[in-house]
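Asks: Encoded as structure tokens, here's the structure I'll be asking about.
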Amino acid sequence: MTIGIHCYLTNGDGTLAYPLSGVEVLQRALNRCYSAGLTVDGAFGDRTENALRRAQTLAGVTVDGEYGPATRTYMKWPMYSDATGKVTCQRHGDIRRDL
């Protein structure tokens, strides 16, 4: 179960030629929990930065367009529950270990 990526990501990380899996995970979370409509390509460009800024605003953290520890803790992540068979979006800090 992936509950968020443990790294620091900024615009320019990963490229189409050399995608980063951490950027892909972030893009998937932004799409699922914030309806970002990003192409999941592993390249942190302007569209990913803008989507992250929107998520940061909604999460109530510093809006800098950079993915770091505070953003990880407070933004929502898609979580699958074996109990319900559904995916919901939850803040990393609120994720129950018994899902």
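Identifiers in this document derive from the order of the structure tokens: chains are assigned A, B, ..., residues are numbered from 1 separately in each chain, and ligands are numbered from 1 in order of occurrence.
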Neighbouring residues of Glu24 of chain A were defined as those with any atom within 7 Å, considering only C-alpha atoms; residues of the same chain fewer than 4 positions away were excluded. Please report them as a PDB file with N, CA, C and O atoms, in the first residue's frame.

Replies:
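Final output, selection-v5.pdb:
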ATOM      1  N   LEU A  20      10.558  10.121 -13.380  1.00  0.00           N
ATOM      2  CA  LEU A  20      10.789   9.713 -12.000  1.00  0.00           C
ATOM      3  C   LEU A  20       9.517   9.060 -11.461  1.00  0.00           C
ATOM      4  O   LEU A  20       8.427   9.615 -11.581  1.00  0.00           O
ATOM      5  N   ARG A  28      -0.465  10.829  -9.916  1.00  0.00           N
ATOM      6  CA  ARG A  28      -1.638   9.962  -9.731  1.00  0.00           C
ATOM      7  C   ARG A  28      -2.488  10.451  -8.552  1.00  0.00           C
ATOM      8  O   ARG A  28      -3.716  10.476  -8.626  1.00  0.00           O
ATOM      9  N   VAL A  40       0.089  11.250 -16.565  1.00  0.00           N
ATOM     10  CA  VAL A  40       1.052  10.635 -15.647  1.00  0.00           C
ATOM     11  C   VAL A  40       2.254  10.205 -16.468  1.00  0.00           C
ATOM     12  O   VAL A  40       2.254   9.153 -17.102  1.00  0.00           O
ATOM     13  N   ASP A  41       3.265  11.078 -16.474  1.00  0.00           N
ATOM     14  CA  ASP A  41       4.438  10.843 -17.315  1.00  0.00           C
ATOM     15  C   ASP A  41       5.756  10.886 -16.552  1.00  0.00           C
ATOM     16  O   ASP A  41       6.816  10.689 -17.118  1.00  0.00           O
ATOM     17  N   GLY A  42       5.699  11.170 -15.250  1.00  0.00           N
ATOM     18  CA  GLY A  42       6.924  11.200 -14.454  1.00  0.00           C
ATOM     19  C   GLY A  42       7.749  12.446 -14.622  1.00  0.00           C
ATOM     20  O   GLY A  42       8.850  12.537 -14.101  1.00  0.00           O
TER      21      GLY A  42
END

Asks: Please give the complete set of residues from segment 15-95 of chain A that DSSP, run on the backbone, assigns to strand (DSSP E), formatted as a list in words.

Replies: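 Filtering segment 15-95 of chain A down to strand (DSSP E) leaves Lys76, Trp77, Pro78, Met79, Tyr80, Ser81, Lys86, Val87, Thr88, Cys89, Gln90 and Arg91 of chain A.
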
Asks: Can you measure atom CA of Val63 of chain A to atom CA of Val87 of chain A for me? One decimal in Å is fine.

Replies: 26.4 Å

Asks: Looking only at helix (DSSP H, G or I) from DSSP on the backbone, list the matching residues of chain A as a ChimeraX atom specification.

Replies: /A:21-34,46-59,69-74,92-94

Asks: Need to verify the contact set: Ala55 of chain A, 7 Å, only C-alpha atoms, exclusion of same-chain residues closer than 4 positions in sequence. Can you return it as a PyMOL selection string?

Replies: chain A and resi 34+51+59+75

Asks: Quick one: of A:Ala17, A:Cys89, A:Met79, A:Leu9, who's nearest to Cys33 of chain A, counting only C-alpha atoms?

Replies: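 Residue with the minimum atom-to-atom distance to Cys33 of chain A: A:Cys89.
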
Asks: Tell me which protein, DNA and RNA residues are within 9 Å of Thr10 of chain A, counting only C-alpha atoms, leaving out same-chain ones fewer than 2 positions away, and put them as number ranges by chain.

Replies: A: 8, 12-13, 44-45, 49, 65-68

Asks: In Å to one decimal, how far is atom CA of Val61 of chain A from atom CA of Tyr74 of chain A?

Replies: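 Atom CA of Val61 of chain A lies at a distance of 7.2 Å from atom CA of Tyr74 of chain A.
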
Asks: Find, counting only C-alpha atoms, the residue in A:Gly60, A:Ala70, A:Arg91, A:Pro78 that gets nearest to Leu26 of chain A.

Replies: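 Counting only C-alpha atoms, the residue closest to Leu26 of chain A is A:Pro78.
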
Asks: What does the distance between atom CA of Ser35 of chain A and atom CA of Ala83 of chain A come to in Å, to one decimal place?

Replies: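 Computing it gives 24.7 Å between the two atoms.
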